[in-house]
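Okay, so here's the structure we're looking at.
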Amino acid sequence: MKKTIAVLSGSLAVAALAAQEKPNIVLIYADDIGYGDFSCYGATRVQTPNVDTLANNGVRFRNAHSAAATSTPSRYGMFTGEYPWRRNGTGVAAGDAALIINPNRYTLPQMMKEAGYTTGAVGKWHLGMGAETGKQDWNKRVAPGPAEIGFDYSYLMAATGDRVPCVYMENQMAVGLDPKDPIQVSYTQNFAGEPTGKDNPELLTKQKPSHGHDMAVVNGISRIGFMKGGKSALWEDENIADSITVHAVRFIERNKDKPFFLYFGTNDIHVPRYPHERFRGKTDMGHRGDAIVQFDWSVGEVVRALKEAGVYDNTLIIITSDNGPVVDDGYQDEAVERLKNHKPWGPFRGGKYSTFEAGTRVPFIVHWTGNVRTGVSDALVSQIDMLATFGELVGKEIPEDAKIDSQKHLSAWLGKEPKGRDYIISSAYALSVLTSDWKYIEPSNRNSYNAQTNTELGLNPEEQLYNITIDRGEYDNVADENPLIVRFLKQILEEEKQKGIGLEL
């Protein structure tokens, strides 16, 4: 790793990587962090020094996108290299959903294993576990799961923070479970005698719902779904960041002498937001702002572990988010009241759930000591390209039937090539085509506004076209004035739709 490739560019730089020691890869995948939530992306009322250090010594992208505007489909696209809109059943997963990714499908962790990497998944999962929805026995090993799609080790939240079961699953078995108090889960009816947030608001000592989220009560917070038992295994929300960060650090320590790939999915900013008391009051934005500070701490702990293990310089670190931000997503945590002039969505319109830019345009930072051209990049990049781009990095050619969407863009990701993709197809109730200059959104008759989350969804029964370079807020629909551009982007979209016909997995 002493050899530097900083003086090389483009394909020469990529070719030089093949001669070097395989880098470790740490993918830090934030949840619901918006484009404007980090101080290196312009936030002033919250400081993220650990994130900023990686950004200042790496590449900070201004036109990077998740695969979708919500969590489950974004993770599906990232791990499979397939746009989630091609596949039925990739919407936001219930807490008792079966594994969303077919175990027979080629995946990012599988590719990394084939390239000689030890693979680990820690934190938020939200891709389902088990063979059949609602049929899991949470008191035994639940399969298929992360191991069946390529992860050697996993320590994960069973679903997501606001859904039962509220337990950690280590290698697909509930952690700390007392067999005399088995877990029962239902998403159809409550268990006799079990309190709910709706009927027992006096039990909601930590968070109260603003909409929905009024079923099972776990440690003073009501959730989606019903749960009974498993008391010794239940997490406490204020300790989630500590628990998953410790396990990420342990994975690094155990595997420092061999190449490793770590997916570290954090939960901090996703509801219910309840950061540890040592982070409360660090901002004047309440739990949401303090949770961002907590996330930054986790980043710092991972970096510290890499340095102490002696592998920091040979580790490619990516920080990004699964989708754009949402302020009120179901709990009364004062996030709306304390937001004031902080703009989680940055200069863009929309947010989580939206087809407008803030739904999928997310922070994206790439750090790799001596191997990136530091600075800011406007290259158009997508998380859908993790599969092919990491394959390019580790010298692994992905199978033909897995190449439908994922593309090789290592030069752009390392800051050595300014263009990136020609276009991205994004999905949030409707499909859109985004180039570096233009954005086309197909017509939709769905509601254009989510009143519960106060989110503009960007849906319109008319065709929409925006010059995204001058109209970042997507307010000036210029479809009528640019029929040729509309026709061109519609053709791209129709051709992309045709690619997915007949896919088996």
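Every chain in the structure tokens takes a letter, A first, then B, and so on in the order presented; its residues are numbered from 1, and the ligands are numbered from 1 following the presented order.
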Enumerate, as a PDB file with N, CA and C atoms, in the first residue's frame, the complete set of residues in segment 163-222 of chain A that a backbone-based DSSP assignment places in strand (DSSP E).
```
ATOM      1  N   TYR A 168     -32.172  -8.340  18.981  1.00  0.00           N
ATOM      2  CA  TYR A 168     -31.023  -8.511  18.097  1.00  0.00           C
ATOM      3  C   TYR A 168     -30.949  -9.968  17.666  1.00  0.00           C
ATOM      4  N   MET A 169     -30.520 -10.179  16.434  1.00  0.00           N
ATOM      5  CA  MET A 169     -30.311 -11.521  15.897  1.00  0.00           C
ATOM      6  C   MET A 169     -28.834 -11.665  15.545  1.00  0.00           C
ATOM      7  N   GLU A 170     -28.122 -12.518  16.306  1.00  0.00           N
ATOM      8  CA  GLU A 170     -26.712 -12.775  16.005  1.00  0.00           C
ATOM      9  C   GLU A 170     -26.617 -14.101  15.283  1.00  0.00           C
ATOM     10  N   MET A 173     -30.002 -15.870  15.248  1.00  0.00           N
ATOM     11  CA  MET A 173     -30.633 -16.356  16.473  1.00  0.00           C
ATOM     12  C   MET A 173     -30.773 -15.198  17.456  1.00  0.00           C
ATOM     13  N   ALA A 174     -31.917 -15.116  18.145  1.00  0.00           N
ATOM     14  CA  ALA A 174     -32.168 -14.032  19.083  1.00  0.00           C
ATOM     15  C   ALA A 174     -31.137 -14.043  20.204  1.00  0.00           C
ATOM     16  N   GLN A 184     -43.262 -14.412  20.755  1.00  0.00           N
ATOM     17  CA  GLN A 184     -44.399 -14.575  19.857  1.00  0.00           C
ATOM     18  C   GLN A 184     -44.629 -13.243  19.139  1.00  0.00           C
ATOM     19  N   VAL A 185     -44.886 -13.303  17.864  1.00  0.00           N
ATOM     20  CA  VAL A 185     -45.058 -12.101  17.048  1.00  0.00           C
ATOM     21  C   VAL A 185     -46.298 -12.265  16.177  1.00  0.00           C
ATOM     22  N   SER A 186     -47.061 -11.191  16.054  1.00  0.00           N
ATOM     23  CA  SER A 186     -48.217 -11.189  15.155  1.00  0.00           C
ATOM     24  C   SER A 186     -48.376  -9.791  14.569  1.00  0.00           C
ATOM     25  N   VAL A 217     -45.980  -2.386  23.217  1.00  0.00           N
ATOM     26  CA  VAL A 217     -45.143  -1.459  23.976  1.00  0.00           C
ATOM     27  C   VAL A 217     -43.862  -2.187  24.387  1.00  0.00           C
ATOM     28  N   VAL A 218     -42.724  -1.662  23.934  1.00  0.00           N
ATOM     29  CA  VAL A 218     -41.420  -2.240  24.270  1.00  0.00           C
ATOM     30  C   VAL A 218     -40.566  -1.151  24.884  1.00  0.00           C
ATOM     31  N   ILE A 221     -41.912   2.491  24.608  1.00  0.00           N
ATOM     32  CA  ILE A 221     -42.205   3.001  23.267  1.00  0.00           C
ATOM     33  C   ILE A 221     -43.117   1.997  22.565  1.00  0.00           C
ATOM     34  N   SER A 222     -44.197   2.485  21.966  1.00  0.00           N
ATOM     35  CA  SER A 222     -45.082   1.578  21.236  1.00  0.00           C
ATOM     36  C   SER A 222     -44.625   1.447  19.783  1.00  0.00           C
TER      37      SER A 222
END
```
Applying 7 Å and only C-alpha atoms, which residues near Pro344 of chain A remain after dropping the ones on its own chain fewer than 5 positions away? List them as a list in words.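 My reading of the contact set: Gly34, Tyr35, Gly36, Asp37 and Pro325 of chain A.
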With N, CA and C atoms retained, write the just-selected residues as a CSV table (one decimal), in the first residue's frame.
```
chain,number,residue,atom,x,y,z
A,34,GLY,N,-30.5,12.9,5.6
A,34,GLY,CA,-30.7,13.7,4.4
A,34,GLY,C,-29.5,14.3,3.9
A,35,TYR,N,-29.6,14.8,2.7
A,35,TYR,CA,-28.5,15.5,2.0
A,35,TYR,C,-27.9,16.6,2.8
A,36,GLY,N,-28.7,17.3,3.6
A,36,GLY,CA,-28.3,18.5,4.4
A,36,GLY,C,-28.0,18.2,5.8
A,37,ASP,N,-27.9,17.0,6.3
A,37,ASP,CA,-27.8,16.7,7.7
A,37,ASP,C,-26.4,16.7,8.3
A,325,PRO,N,-34.5,12.4,4.0
A,325,PRO,CA,-34.9,12.6,5.4
A,325,PRO,C,-36.4,12.7,5.5
```
Could you tell me which of A:Asn88, A:Thr188, A:Gln464, A:Thr48 comes closest to Arg487 of chain A if we count only C-alpha atoms?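 Of the candidates, the smallest distance to Arg487 of chain A is held by A:Gln464.
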Using backbone DSSP assignments, extract all alpha helix (DSSP H) residues from segment 367-432 of chain A; output them as a compact mmCIF listing (two decimals) with C-alpha atoms, in the first residue's frame.
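This is the output file states_32.txt:
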```txt
# COMPACT_ATOMS: atom_id res chain seq x y z
CA MET A 386 -22.01 -1.23 -5.51
CA LEU A 387 -22.00 -4.73 -6.99
CA ALA A 388 -20.21 -3.98 -10.25
CA THR A 389 -17.94 -1.26 -8.85
CA PHE A 390 -16.72 -3.35 -5.93
CA GLY A 391 -16.28 -6.20 -8.39
CA GLU A 392 -14.07 -3.92 -10.45
CA LEU A 393 -12.11 -3.03 -7.33
CA VAL A 394 -11.45 -6.62 -6.21
CA LEU A 410 -14.68 2.83 -9.86
CA SER A 411 -12.84 5.77 -11.43
CA ALA A 412 -15.73 8.10 -10.64
CA TRP A 413 -16.07 6.73 -7.10
```
Give me, as an MDAnalysis selection string, all polymer residues having an atom no more than 7 Å from Ala379 of chain A, counting only C-alpha atoms and skipping those fewer than 5 positions away in the same chain. chainID A and resid 63 412 418:420
Which polymer residues have any atom within 8 Å of an atom of Ser39 of chain A, counting only C-alpha atoms, with same-chain residues fewer than 5 positions away left out, as a PyMOL selection string? chain A and resi 44+46-49+52
Could you write out the selected residues, including N, CA and C atoms, as a PDB file, in the first residue's frame?
```pdb
ATOM      1  N   THR A  44     -25.410  23.640   9.851  1.00  0.00           N
ATOM      2  CA  THR A  44     -24.734  24.530  10.797  1.00  0.00           C
ATOM      3  C   THR A  44     -25.176  24.296  12.233  1.00  0.00           C
ATOM      4  N   VAL A  46     -25.857  21.356  13.613  1.00  0.00           N
ATOM      5  CA  VAL A  46     -25.345  20.080  14.099  1.00  0.00           C
ATOM      6  C   VAL A  46     -23.955  19.899  13.499  1.00  0.00           C
ATOM      7  N   GLN A  47     -23.014  19.419  14.295  1.00  0.00           N
ATOM      8  CA  GLN A  47     -21.645  19.230  13.831  1.00  0.00           C
ATOM      9  C   GLN A  47     -21.329  17.739  13.772  1.00  0.00           C
ATOM     10  N   THR A  48     -20.710  17.325  12.671  1.00  0.00           N
ATOM     11  CA  THR A  48     -20.361  15.915  12.461  1.00  0.00           C
ATOM     12  C   THR A  48     -18.867  15.814  12.140  1.00  0.00           C
ATOM     13  N   PRO A  49     -18.000  16.035  13.111  1.00  0.00           N
ATOM     14  CA  PRO A  49     -16.553  16.128  12.836  1.00  0.00           C
ATOM     15  C   PRO A  49     -15.941  14.846  12.305  1.00  0.00           C
ATOM     16  N   ASP A  52     -16.983  14.592   8.742  1.00  0.00           N
ATOM     17  CA  ASP A  52     -16.324  15.666   7.994  1.00  0.00           C
ATOM     18  C   ASP A  52     -14.860  15.346   7.707  1.00  0.00           C
TER      19      ASP A  52
END
```
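Proximity ranking of A:Val433, A:Met157, A:Ile317, A:Leu127 relative to Ile100 of chain A places A:Leu127 first, based on only C-alpha atoms.
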